[in-house]
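Asker: There's a structure below that I have some questions on.
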2 protein chains.
Amino acid sequence: MTKWVYTFGDGTAEGSASDRNLLGGKGANLAEMSAQGLPVPPGFTISTELCTAYYENDRQYPDDLTSQVNKAVSYIESKIGAQFGSVDNPLLVSVRSGARASMPGMMDTVLNLGLNDQTVEALANNSNNPRFAYDSYRRFIQMYSDVVLGVDHYNFEEILELKKEDKNIDLDTDLDADDLKDLVKQYKEKVEEQLGKPFPQDVQEQLWGAISAVFSSWMNERAITYRKMYDIPESWGTAVNVQAMVFGNMGNDCATGVAFTRDPSTGEKTFFGEYLINAQGEDVVAGIRTPQQVTIEGKERQGSELPAMEESMPQVYQELVETYKKLEAHYRDMQDIEFTVQNNKLWMLQTRNGKRTAPAAIKIAVDMVGEGLISKEEAITRIEPDSLDQLLHPTLDPNAEKQVITRGLPASPGAATGMVVFSADDAESYATKGDKVMLVRLETSPEDIHGMHAAQGILTARGGMTSHAAVVARGMGRACVSGAGNISISQENKTLTVGNVTIKEGEYITINGSTGEVMLGAVPMIEPNLSGDFETVMQWADEIRSLNVRTNAETPEDVATARKFGAEGIGLCRTEHMFFDAERITAIREMIVAENKHGRKKAIDKLLPFQREDFRQIFDIMDGLPVTIRLLDPPLHEFLPHTEEDMQSVAKAANVSVSDIKKRAIALKEENPMLGHRGCRLGISYPEIYQMQARAIIEAAVEVVASGKKVLPEIMVPLVMNVKELEIIKKIINSEAETVFAEKNSRVEYLVGTMIELPRAALQAGNIAKEAEFFSFGTNDLTQTTMGISRDDSASFIGDYIGQQILEKDPFVVLDQDGVGELIKIAAERGRKTRPDIKMGICGEHGGNPASIEFCHNVGLNYVSCSPYRVPIARLAAAHSAIKGGTKLKKAA
Amino acid sequence: MTKWVYTFGDGTAEGSASDRNLLGGKGANLAEMSAQGLPVPPGFTISTELCTAYYENDRQYPDDLTSQVNKAVSYIESKIGAQFGSVDNPLLVSVRSGARASMPGMMDTVLNLGLNDQTVEALANNSNNPRFAYDSYRRFIQMYSDVVLGVDHYNFEEILELKKEDKNIDLDTDLDADDLKDLVKQYKEKVEEQLGKPFPQDVQEQLWGAISAVFSSWMNERAITYRKMYDIPESWGTAVNVQAMVFGNMGNDCATGVAFTRDPSTGEKTFFGEYLINAQGEDVVAGIRTPQQVTIEGKERQGSELPAMEESMPQVYQELVETYKKLEAHYRDMQDIEFTVQNNKLWMLQTRNGKRTAPAAIKIAVDMVGEGLISKEEAITRIEPDSLDQLLHPTLDPNAEKQVITRGLPASPGAATGMVVFSADDAESYATKGDKVMLVRLETSPEDIHGMHAAQGILTARGGMTSHAAVVARGMGRACVSGAGNISISQENKTLTVGNVTIKEGEYITINGSTGEVMLGAVPMIEPNLSGDFETVMQWADEIRSLNVRTNAETPEDVATARKFGAEGIGLCRTEHMFFDAERITAIREMIVAENKHGRKKAIDKLLPFQREDFRQIFDIMDGLPVTIRLLDPPLHEFLPHTEEDMQSVAKAANVSVSDIKKRAIALKEENPMLGHRGCRLGISYPEIYQMQARAIIEAAVEVVASGKKVLPEIMVPLVMNVKELEIIKKIINSEAETVFAEKNSRVEYLVGTMIELPRAALQAGNIAKEAEFFSFGTNDLTQTTMGISRDDSASFIGDYIGQQILEKDPFVVLDQDGVGELIKIAAERGRKTRPDIKMGICGEHGGNPASIEFCHNVGLNYVSCSPYRVPIARLAAAHSAIKGGTKLKKAA
């Protein structure tokens with residue numbers, strides 16, 4: 001027989017805090033508190049295993065559940081001395097959900113269960129408080145009808161409001177017992193009217209209805225959405241907690257409240273809570289009555305005139321303070337607690353690790369290390385790497401008003417405000433005048449990069465989390481909302497329309513790249529402030545992690561930002577981003593339309609001084625840190641001119657006709673550019689391009705070395721599928737390098753390696769490693785080819801895929817370990833077999849994703865590389881991975 | 001010390017026929033003939049290993065070669081009784097190439113080597129024939145200068161012509177000794193004039209020059225091209241054969257000739273050869289003099305008046321007949337022999353297995369089995385599977401004149417003639433009137449299919465061997481030349497231009513899809529004629545092979561053709577090809593522009609009767625054979641209307657505006673459609689499509705079963721990467737099937753399986769096999785994703801890749817075993833582990849490629865599937881694979 005039901009209460013419990021997976025967070029903590037001797041109302045937990053069994057068995061319960069529940073109800077009855085359904089001394093219970101991970105507001109709760117037309121009378125008699133009894137009953141009817149029976153709560157609120165108008169009173173508390181009795185009557189009539197059958201009077205029916213409602217709510221839309229947002233697997237399931245009711249609403253010696261053992265916003269070590277006299281559970285959080293502060297300090301801080309609990313119930317308050325201190329010491333973390341005071345007796349209803357902001361998480365972790373409560377390793381793992389994003393970008397003032405007009409994908413974090421412009425050129429020219437601009441595009445392309453750089457933020461109508469706009473914006477640290485599908489853009493009129501709101505060029509909007517919100521006007525913002533505690537935690541993280549963290553960057557500005565954030569090298573410097581400047585683009589276009597190698601070489605050589613200077617600056621900033629430079633990667637058509645004017649200027653430069661250029665454009669057009677003539681295929685067809693780039697790199701390196709600095713260039717060949725490609729290109733690079741060394745009479749060390757971004761390259765890694773001195777896993781393209789999904793086109797179906805749980809997550813955000821990951825493992829293994837000391841890293845978007853970083857750590861890669869603004873996140877995630885793997889800080893540190 | 005040099009002659013030899021890899025074909029056969037006691041002039045062979053060493057060592061010979069060659073020259077001297085370079089009794093030698101595989105005309109030969117101004121006198125004296133001596137010398141100068149020194153032969157032919165004019169004679173043989181002496185003088189002057197140095201008189205210099213010329217010719221352009229055409233690896237190298245000269249030009253008791261032991265065109269068992277009296281080696285093949293027939297039968301057949309060798313040299317002829325019979329019996333294959341008669345003595349210069357046409361190969365193989373000369377297994381392996389293509393398609397009359405205007409890729413074999421048209425609609429309307437048309441397009445798309453079907457052949461300016469045009473044409477058995485890059489097409493003027501030739505609509509052209517030639521006008525053709533011998537061989541092949549052969553087909557016509565060619569089922573029936581008919585396309589377009597599921601369902605249901613009827617006909621023809629039907633695969637935008645007229649008709653049908661349709665088209669546009677919203681992703685997003693298709697399949701199956709036939713439907717889900725996709729879609733299919741079974745009160749068995757065409761699917765095959773009842777490897781897409789190469793775009797660089805030997809072959813023609821093949825192996829292994837009896841096949845273009853078929857056999861797949869016209873090729877290739885694996889026919893068979 002499977003044990004589905006676990007009891008607790010009266011200083012004992014069948015479970016403990018370590019049973020979180022089985023009993024859910026709430027159930028495990030109730031058991032733990034009970035076992036600790038804290039005052040917990042007796043009750044029982046139906047395990048998460050039952051939830052799983054329930055869904056696996058087509059929403060049927062196992063046969064042996066009823067008897068286990070009945071036995072547990074008897075247990076509560078014996079502890080409380082009341083009987084469930086008794087018309088003399090009725091036991092009332094609460095029924096609550098409790099999943100493994102905290103999912104506040106996502107699941108549903110029923111209080112006062114066990115009341116009916118008979119038991120309410122008994123409650124009135126026994127409490128000698130008919131008002132309380134009928135108030136409890138009407139609350140129960142409303143909550144149960146809403147949650148279990150599907151009768152919307154506004155039905156009841158309407159009746160309540162009418163009643164208050166009728167009686168000409170403002171507060172619920174002003175209703176007397178008869179009013180409430182009448183409300184109960186009306187509520188029951190409403191239920192019968194809505195459902196065609198009466199409100200259930202059988203307490204067993206009530207109990208099972210509530211249990212089923214909790215289990216069903218695991219699959220309600222809010223729950224599914226929340227799980228998606230917070231990466232909670234559906235398979236975890238929820239538990240159900242049934243617990244004897246205690247009442248905060250029996251009179252003025254009763255109260256209910258919630259509190260945090262430290263301030264969840266700032267992390268400050270101060271007891272922080274709210275309570276309400278004569279109120280029940282949800283009243284505090286529901287915001288119907290203004291809650292009062294628990295402490296005098298809190299009351300003063302808020303400038304509140306309502307008495308603090310410390311004043312109104314000093315004894316109970318003292319007990320609460322002792323309890324919270326016990327709990328924090330016991331759990332060794334900041335606790336979020338719920339309590340009820342019934343006739344001056346304190347009852348603990350819940351404790352759990354409190355949610356907190358990123359700054360609070362850092363402060364609490366550092367403080368607790370100082371207090372000797374936790375180790376540095378624990379402190380590190382207490383901080384979610386992704387949460388650091390909040391610290392690195394401006395955020396919207398949480399108190400500011402905002403008018404959200406639409407929502408897209410949270411493509412690049414941070415908030416930004418700017419005047420709307422519709423072209424990259426406009427963005428640049430406004431920005432040059434000192435205006436803050438917001439670039440709004442259908443989608444972006446490499447030609448827009450200067451405009452993206454000039455803008456505060458980018459908003460696109462198309463494209464997913466890894467569209468061009470998203471990837472580039474993250475790299476630059478610009479806020480971006482992408483794929484805001486219901487905006488329409490008129491390039492002609494220079495307007496942006498959402499529904500019936502039209503925004504003209506020059507008008508302000510604000511975007512929140514962390515949530516995807518798009519807002520009218522300029523919303524006030526808070527600038528990031530990296531505190532000393534942040535530095536402390538990052539230092540601990542750096543000491544413990546074994547994975548290096550590099551950055552993907554190519555402009556001196558981004559490179560400098562990345563170093564500031566702690567990057568230990570450049571993992572991906574994309575040379576093509578350097579080609580879009582006005583002076584350069586003409587040369588590259590001239591090369592593309594050239595008729596022969598000679599013409600191509602003449603044009604490409606014009607780019608040499610620019611590229612050399614790019615590299616010189618980067619080497620200079622990175623002084624001695626490795627810099628991985630990827631040779632030209634995108635297909636040539638990405639550089640072609642589109643406007644008549646641009647075509648004419650290229651035609652002139654290249655001494656060809658505009659129609660020649662158009663012909664060339666047609667010839668270069670590709671059905672699937674992602675799988676086309678790009679990467680090292682360009683180097684094979686047009687060796688002069690890679691030759692020029694090799695020369696620029698080596699000349700720059702020689703120059704920087706001459707200035708007294710160190711350089712570590714790593715020349716990276718993209719899209720290799722075959723060792724022969726690398727053989728040929730390595731020869732080109734080495735021969736050009738030797739020429740430069742001879743010319744300059746100076747040498748520098750450099751490595752030649754390859755991207756592993758095609759499945760065939762991963763399989764052939766053993767051969768490729770014969771030539772490659774390093775591997776860099778290009779997981780963007782490797783994901784595209786392994787899964788056969790185009791990043792740019794995935795938006796049309798990836799939603800269906802996540803919705804139908806075919807994919808757990810967007811594979812361009814979180815590395816697909818089963819597919820792409822297996823190829824990485826194969827490549828790492830085969831590569832090392834050929835060349836045991838081969839350096840390996842990852843430079844796709846996944847390099848900044850904590851789950852993917854853990855994978856990289858486990859595979860034994862040397863580094864991850866990510867956009868500058870994710871470097872701290874990656875450092876922390878790498879530390880987490882090391883700690884999970886059992887690494888500890890040296891005591892001395 | 002490596003042995004580089006192997007001698008032969010006088011009834012002995014250091015090598016034998018089994019040393020073909022080491023000594024080349026010619027050398028091995030010379031050794032073999034010599035060891036057999038046949039009259040072979042003594043000589044030696046420098047091995048192919050030397051060639052490899054030569055190229056590996058930067059065209060330098062190993063040190064020990066000279067001494068080995070000198071020793072071998074002494075050997076010849078001792079056998080012949082003459083000395084190399086002697087002014088009394090000079091030894092003359094021939095120097096010839098001889099690779100492992102026969103490469104006629106590809107390599108170069110030098111005869112009469114050892115002649116100089118002194119030795120020629122000795123030859124004149126000793127032969128008592130100054131005319132012969134000087135004729136030999138002038139031939140030597142011309143040949144050596146051309147081949148070794150690079151002085152083009154026309155220089156000498158010009159001098160010869162002038163001399164003949166001067167003397168007023170027609171035939172070379174009318175020149176006397178003095179004329180020839182004078183020619184030698186002029187030839188030598190010409191050489192000195194061209195090179196600035198005299199013709200070499202040192203016989204050692206001559207010998208080494210010739211040896212080097214042979215080795216160098218291994219890398220000349222003709223040789224490289226030939227190797228590419230016939231898949232001969234460069235690493236094989238060539239051998240050099242140095243052999244004592246025998247002379248067919250010493251007088252009228254001398255002759256030279258070539259012969260085949262059976263007719264190489266028809267395979268008829270008749271001795272077939274040509275000879276020339278008083279002539280040397282190359283005269284017979286050079287076509288300068290009209291050669292005479294060896295046999296009287298041959299003479300009569302040709303209507304020749306020149307005497308046959310059987311008449312002119314009856315004794316030598318008898319000896320030749322005995323020799324050829326000995327050789328054929330010895331080699332157990334039709335031989336191609338070269339001989340020389342010197343003073344009525346027969347010398348054998350070469351024997352090798354003779355090249356033959358496909359019909360001849362079949363007849364000879366079958367005849368030799370009948371004669372007890374070879375086994376059936378040998379007979380099967382004697383026929384190149386690819387050569388069957390010649391038998392299955394019309395071919396150009398080899399005697400017809402043809403004016404080739406350009407050349408594209410040989411995209412789909414066979415020859416075709418037709419009036420040029422420039423649109424699919426025109427093709428159809430002309431064809432309906434009974435005209436034969438040639439569809440000429442920049443490139444084709446699915447919308448052109450009806451026009452391709454109506455046409456005799458297809459010519460495109462763009463696209464590779466696996467472009468849409470090529471793939472579809474091969475499937476339909478239409479001739480196709482694709483990627484004829486230098487044609488330009490004016491849709492407006494309806495003209496096709498190549499250089500200065502312009503062809504208007506309605507004018508005839510002819511294409512040869514087996515060679516890529518495009519010809520003006522209608523060139524006469526020969527229709528295929530499948531003989532009884534063909535049937536016999538195919539029957540033997542069927543008995544021995546273990547791999548089944550299915551076909552890729554969807555029209556009843558193609559399905560019937562495939563059955564005729566022996567297909568054992570359908571491996572790929574592409575349902576989307578069925579959607580382009582006028583009546584259907586509107587419905588599918590209506591579905592695409594529908595705003596919701598209801599609208600989509602309404603539109604898609606219009607297609608149900610069409611699809612059902614398609615499947616009904618196919619099941620009917622395939623009666624009991626398995627039919628794999630792939631659910632809709634291409635992205636929806638492929639079906640969208642392009643013309644204003646089509647858009648209006650869809651708008652009307654779907655009750656939306658034309659601008660809605662344009663918007664939809666923009667929304668559906670994809671950057672990389674190959675990696676886009678296609679395959680089962682459509683089934684996930686729009687389950688109603690697959691639901692309709694499942695219903696059409698099951699309804700058709702039930703109907704055909706009711707008619708008393710058997711059906712074996714295999715429903716195939718494309719582009720799966722994840723078992724969950726298959727789980728969801730299998731549920732849709734099964735539930736629809738159950739509904740139909742209930743409606744019709746009848747059941748049929750069917751399988752649900754998946755394409756394995758993404759690397760992730762291959763890796764996840766173990767999980768996917770939990771749901772999939774069969775795997776079909778879609779090697780086209782699997783190649784695209786594994787290698788990251790778009791079929792449609794590969795033409796721009798695949799040439800560079802093959803040219804630079806990065807790829808040996810086009811991976812879309814011959815399966816990439818190292819990359820794609822490894823994934824297939826992984827998938828097969830993991831799939832079988834989960835489901836040991838899982839059925840597996842391949843349905844990409846590779847299914848008709850013999851090398852790829854061998855791979856499939858070795859991996860243990862159950863079947864290959866290919867286009868109807870390649871079914872016999874696949875059957876034969878499968879038999880080859882089985883024989884290579886050691887399978888033998890039962891003796892009873």
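Each chain in the structure tokens gets a letter, A, B, ..., in the order shown, and its residues are numbered from 1; ligands are numbered from 1 in order too.
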Compute the chain B side of the contact with chain A at 8 Å, counting only C-alpha atoms, and hand it back as an mmCIF file with N, CA, C and O atoms, in the first residue's frame.
Answerer:
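Okay, this is what ended up in selection15.cif:
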data_model
loop_
_atom_site.group_PDB
_atom_site.id
_atom_site.type_symbol
_atom_site.label_atom_id
_atom_site.label_comp_id
_atom_site.auth_asym_id
_atom_site.auth_seq_id
_atom_site.Cartn_x
_atom_site.Cartn_y
_atom_site.Cartn_z
ATOM 1 N N GLU B 670 9.676 33.021 -44.619
ATOM 2 C CA GLU B 670 10.699 32.494 -43.715
ATOM 3 C C GLU B 670 12.098 32.770 -44.241
ATOM 4 O O GLU B 670 12.336 32.740 -45.442
ATOM 5 N N GLU B 671 13.009 33.021 -43.311
ATOM 6 C CA GLU B 671 14.401 33.247 -43.679
ATOM 7 C C GLU B 671 15.041 31.966 -44.196
ATOM 8 O O GLU B 671 15.805 31.972 -45.148
ATOM 9 N N ASN B 672 14.743 30.884 -43.504
ATOM 10 C CA ASN B 672 15.317 29.582 -43.842
ATOM 11 C C ASN B 672 14.205 28.541 -43.835
ATOM 12 O O ASN B 672 14.041 27.810 -42.858
ATOM 13 N N PRO B 673 13.437 28.500 -44.913
ATOM 14 C CA PRO B 673 12.245 27.633 -44.917
ATOM 15 C C PRO B 673 12.583 26.175 -44.625
ATOM 16 O O PRO B 673 11.785 25.459 -44.026
ATOM 17 N N MET B 674 13.771 25.774 -45.021
ATOM 18 C CA MET B 674 14.202 24.408 -44.770
ATOM 19 C C MET B 674 14.175 24.080 -43.276
ATOM 20 O O MET B 674 13.952 22.938 -42.876
ATOM 21 N N LEU B 675 14.431 25.081 -42.450
ATOM 22 C CA LEU B 675 14.482 24.881 -40.999
ATOM 23 C C LEU B 675 13.289 25.548 -40.333
ATOM 24 O O LEU B 675 13.354 25.961 -39.190
ATOM 25 N N GLY B 676 12.212 25.677 -41.080
ATOM 26 C CA GLY B 676 11.109 26.495 -40.607
ATOM 27 C C GLY B 676 9.918 25.708 -40.112
ATOM 28 O O GLY B 676 10.037 24.601 -39.584
ATOM 29 N N HIS B 677 8.771 26.315 -40.327
ATOM 30 C CA HIS B 677 7.511 25.763 -39.847
ATOM 31 C C HIS B 677 6.996 24.759 -40.865
ATOM 32 O O HIS B 677 6.180 25.081 -41.715
ATOM 33 N N ARG B 681 5.802 19.884 -37.567
ATOM 34 C CA ARG B 681 5.491 21.135 -36.879
ATOM 35 C C ARG B 681 4.145 21.686 -37.355
ATOM 36 O O ARG B 681 3.433 22.341 -36.608
ATOM 37 N N ILE B 684 1.511 19.766 -35.548
ATOM 38 C CA ILE B 684 1.360 20.215 -34.162
ATOM 39 C C ILE B 684 0.537 21.507 -34.115
ATOM 40 O O ILE B 684 -0.374 21.641 -33.316
ATOM 41 N N SER B 685 0.850 22.433 -35.026
ATOM 42 C CA SER B 685 0.145 23.715 -35.019
ATOM 43 C C SER B 685 -1.265 23.592 -35.596
ATOM 44 O O SER B 685 -2.179 24.264 -35.153
ATOM 45 N N MET B 721 11.785 15.456 -34.195
ATOM 46 C CA MET B 721 13.070 15.616 -33.496
ATOM 47 C C MET B 721 12.954 15.117 -32.072
ATOM 48 O O MET B 721 13.910 15.158 -31.321
ATOM 49 N N ASN B 722 11.774 14.619 -31.719
ATOM 50 C CA ASN B 722 11.434 14.478 -30.311
ATOM 51 C C ASN B 722 10.288 13.496 -30.238
ATOM 52 O O ASN B 722 9.337 13.588 -31.003
ATOM 53 N N LYS B 724 7.943 13.274 -28.291
ATOM 54 C CA LYS B 724 6.649 13.854 -27.918
ATOM 55 C C LYS B 724 5.850 14.317 -29.126
ATOM 56 O O LYS B 724 4.630 14.263 -29.135
ATOM 57 N N GLU B 725 6.557 14.810 -30.138
ATOM 58 C CA GLU B 725 5.859 15.197 -31.364
ATOM 59 C C GLU B 725 5.106 13.992 -31.911
ATOM 60 O O GLU B 725 3.940 14.073 -32.304
ATOM 61 N N LEU B 758 16.656 14.596 -39.034
ATOM 62 C CA LEU B 758 17.336 15.633 -38.278
ATOM 63 C C LEU B 758 18.362 14.956 -37.374
ATOM 64 O O LEU B 758 18.083 13.882 -36.833
ATOM 65 N N PRO B 759 19.522 15.560 -37.179
ATOM 66 C CA PRO B 759 20.520 14.941 -36.295
ATOM 67 C C PRO B 759 19.934 14.609 -34.927
ATOM 68 O O PRO B 759 20.203 13.556 -34.370
ATOM 69 N N ARG B 760 19.096 15.493 -34.413
ATOM 70 C CA ARG B 760 18.541 15.229 -33.097
ATOM 71 C C ARG B 760 17.668 13.972 -33.111
ATOM 72 O O ARG B 760 17.631 13.213 -32.139
ATOM 73 N N ALA B 761 16.950 13.761 -34.192
ATOM 74 C CA ALA B 761 16.117 12.568 -34.287
ATOM 75 C C ALA B 761 16.993 11.323 -34.266
ATOM 76 O O ALA B 761 16.665 10.323 -33.628
ATOM 77 N N LEU B 763 19.921 11.003 -32.857
ATOM 78 C CA LEU B 763 20.442 10.819 -31.501
ATOM 79 C C LEU B 763 19.347 10.318 -30.553
ATOM 80 O O LEU B 763 19.607 9.537 -29.650
ATOM 81 N N GLN B 764 18.127 10.781 -30.781
ATOM 82 C CA GLN B 764 17.014 10.438 -29.903
ATOM 83 C C GLN B 764 16.257 9.205 -30.393
ATOM 84 O O GLN B 764 15.134 8.932 -29.932
ATOM 85 N N GLN B 784 21.453 17.826 -45.306
ATOM 86 C CA GLN B 784 21.417 19.288 -45.197
ATOM 87 C C GLN B 784 21.728 19.742 -43.780
ATOM 88 O O GLN B 784 22.512 20.668 -43.570
ATOM 89 N N THR B 785 21.107 19.091 -42.811
ATOM 90 C CA THR B 785 21.276 19.557 -41.436
ATOM 91 C C THR B 785 22.594 19.078 -40.834
ATOM 92 O O THR B 785 23.242 19.814 -40.106
ATOM 93 N N THR B 786 23.000 17.858 -41.151
ATOM 94 C CA THR B 786 24.244 17.352 -40.561
ATOM 95 C C THR B 786 25.437 18.158 -41.062
ATOM 96 O O THR B 786 26.352 18.479 -40.308
ATOM 97 N N MET B 787 25.404 18.479 -42.354
ATOM 98 C CA MET B 787 26.540 19.199 -42.928
ATOM 99 C C MET B 787 26.298 20.707 -42.961
ATOM 100 O O MET B 787 27.198 21.468 -43.300
ATOM 101 N N GLY B 788 25.070 21.107 -42.677
ATOM 102 C CA GLY B 788 24.771 22.530 -42.745
ATOM 103 C C GLY B 788 24.833 23.073 -44.156
ATOM 104 O O GLY B 788 25.275 24.186 -44.396
ATOM 105 N N ILE B 789 24.398 22.263 -45.104
ATOM 106 C CA ILE B 789 24.421 22.682 -46.512
ATOM 107 C C ILE B 789 23.013 22.626 -47.079
ATOM 108 O O ILE B 789 22.368 21.591 -47.031
ATOM 109 N N SER B 790 22.572 23.746 -47.610
ATOM 110 C CA SER B 790 21.285 23.787 -48.288
ATOM 111 C C SER B 790 21.457 23.232 -49.699
ATOM 112 O O SER B 790 22.292 23.716 -50.457
ATOM 113 N N ASP B 792 19.615 23.593 -52.189
ATOM 114 C CA ASP B 792 19.294 24.576 -53.220
ATOM 115 C C ASP B 792 20.415 25.584 -53.421
ATOM 116 O O ASP B 792 20.478 26.234 -54.450
ATOM 117 N N ASP B 793 21.238 25.751 -52.404
ATOM 118 C CA ASP B 793 22.256 26.803 -52.482
ATOM 119 C C ASP B 793 23.669 26.253 -52.622
ATOM 120 O O ASP B 793 24.618 27.010 -52.712
ATOM 121 N N SER B 794 23.794 24.939 -52.621
ATOM 122 C CA SER B 794 25.136 24.365 -52.558
ATOM 123 C C SER B 794 25.931 24.582 -53.839
ATOM 124 O O SER B 794 27.149 24.565 -53.820
ATOM 125 N N SER B 796 26.794 27.050 -55.358
ATOM 126 C CA SER B 796 27.744 28.159 -55.370
ATOM 127 C C SER B 796 29.122 27.772 -54.820
ATOM 128 O O SER B 796 30.092 28.449 -55.079
ATOM 129 N N PHE B 797 29.203 26.709 -54.041
ATOM 130 C CA PHE B 797 30.526 26.387 -53.496
ATOM 131 C C PHE B 797 30.902 24.910 -53.607
ATOM 132 O O PHE B 797 32.052 24.559 -53.389
ATOM 133 N N ASP B 800 33.901 24.310 -55.735
ATOM 134 C CA ASP B 800 35.176 24.621 -55.085
ATOM 135 C C ASP B 800 35.573 23.491 -54.141
ATOM 136 O O ASP B 800 36.747 23.148 -54.007
ATOM 137 N N TYR B 801 34.581 22.932 -53.481
ATOM 138 C CA TYR B 801 34.860 21.904 -52.475
ATOM 139 C C TYR B 801 35.359 20.620 -53.105
ATOM 140 O O TYR B 801 36.247 19.969 -52.562
ATOM 141 N N GLN B 805 39.225 19.130 -53.246
ATOM 142 C CA GLN B 805 39.237 17.816 -52.591
ATOM 143 C C GLN B 805 38.870 17.850 -51.113
ATOM 144 O O GLN B 805 39.303 17.015 -50.321
ATOM 145 N N ILE B 806 38.054 18.845 -50.757
ATOM 146 C CA ILE B 806 37.529 18.871 -49.390
ATOM 147 C C ILE B 806 36.437 17.811 -49.286
ATOM 148 O O ILE B 806 36.340 17.090 -48.304
ATOM 149 N N ASP B 818 30.841 9.314 -43.346
ATOM 150 C CA ASP B 818 31.505 9.704 -42.098
ATOM 151 C C ASP B 818 30.615 10.538 -41.186
ATOM 152 O O ASP B 818 30.728 10.465 -39.971
ATOM 153 N N GLY B 819 29.790 11.373 -41.787
ATOM 154 C CA GLY B 819 28.956 12.251 -40.968
ATOM 155 C C GLY B 819 27.530 11.727 -40.907
ATOM 156 O O GLY B 819 27.090 11.179 -39.902
ATOM 157 N N VAL B 820 26.827 11.884 -42.023
ATOM 158 C CA VAL B 820 25.438 11.448 -42.091
ATOM 159 C C VAL B 820 25.346 9.954 -41.785
ATOM 160 O O VAL B 820 24.467 9.504 -41.043
ATOM 161 N N GLU B 822 27.281 8.111 -39.944
ATOM 162 C CA GLU B 822 27.417 7.787 -38.524
ATOM 163 C C GLU B 822 26.099 8.011 -37.789
ATOM 164 O O GLU B 822 25.715 7.214 -36.920
#
Asker: Can you tell me which residues surround region 336-342 of chain B at a distance of at most 8 Å, considering only C-alpha atoms, apart from same-chain residues fewer than 5 positions away, and format the answer as a ChimeraX atom specification?
Answerer: /B:246-250,253-261,281,316,324,347-355
Asker: Taking only region 81-194 of chain B into account, list the residues labelled alpha helix (DSSP H) by DSSP (computed from the backbone), as a ChimeraX atom specification.
Answerer: /B:119-127,130-144,154-167,177-194
Asker: So the first atom is CA of Asn278 (chain A) and the second is CA of Arg131 (chain A); what is the distance between them in Å, to one decimal place?
Answerer: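 CA of Arg131 (chain A) lies at a distance of 11.8 Å from CA of Asn278 (chain A).
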Asker: Neighbouring residues of Ala587 (chain B) were defined as those with any atom within 10 Å, considering only C-alpha atoms; residues of the same chain fewer than 2 positions away were excluded. Please report them as a list in words.
Answerer: Phe579, Ala582, Glu583, Arg584, Ile585, Arg589, Glu590, Met591, Ile592, Arg600, Lys602, Ala603, Ile604, Asp605, Lys606, Leu607, Val650, Ala653 and Ala654 of chain B
Asker: How close does region 327-430 of chain B get to region 848-862 of chain B? List, as a tab-separated table, each residue of region 327-430 of chain B within 12 Å, its nearest atom pair and the distance in Å to one decimal, counting only C-alpha atoms.
Answerer:
residue	atom	partner	partner_atom	distance
B:Ile383	CA	B:Pro850	CA	11.9
B:Glu384	CA	B:Pro850	CA	9.0
B:Pro385	CA	B:Pro850	CA	6.8
B:Asp386	CA	B:Pro850	CA	7.3
B:Ser387	CA	B:Pro850	CA	10.9
B:Leu388	CA	B:Pro850	CA	11.6
B:Asp389	CA	B:Gly848	CA	11.0
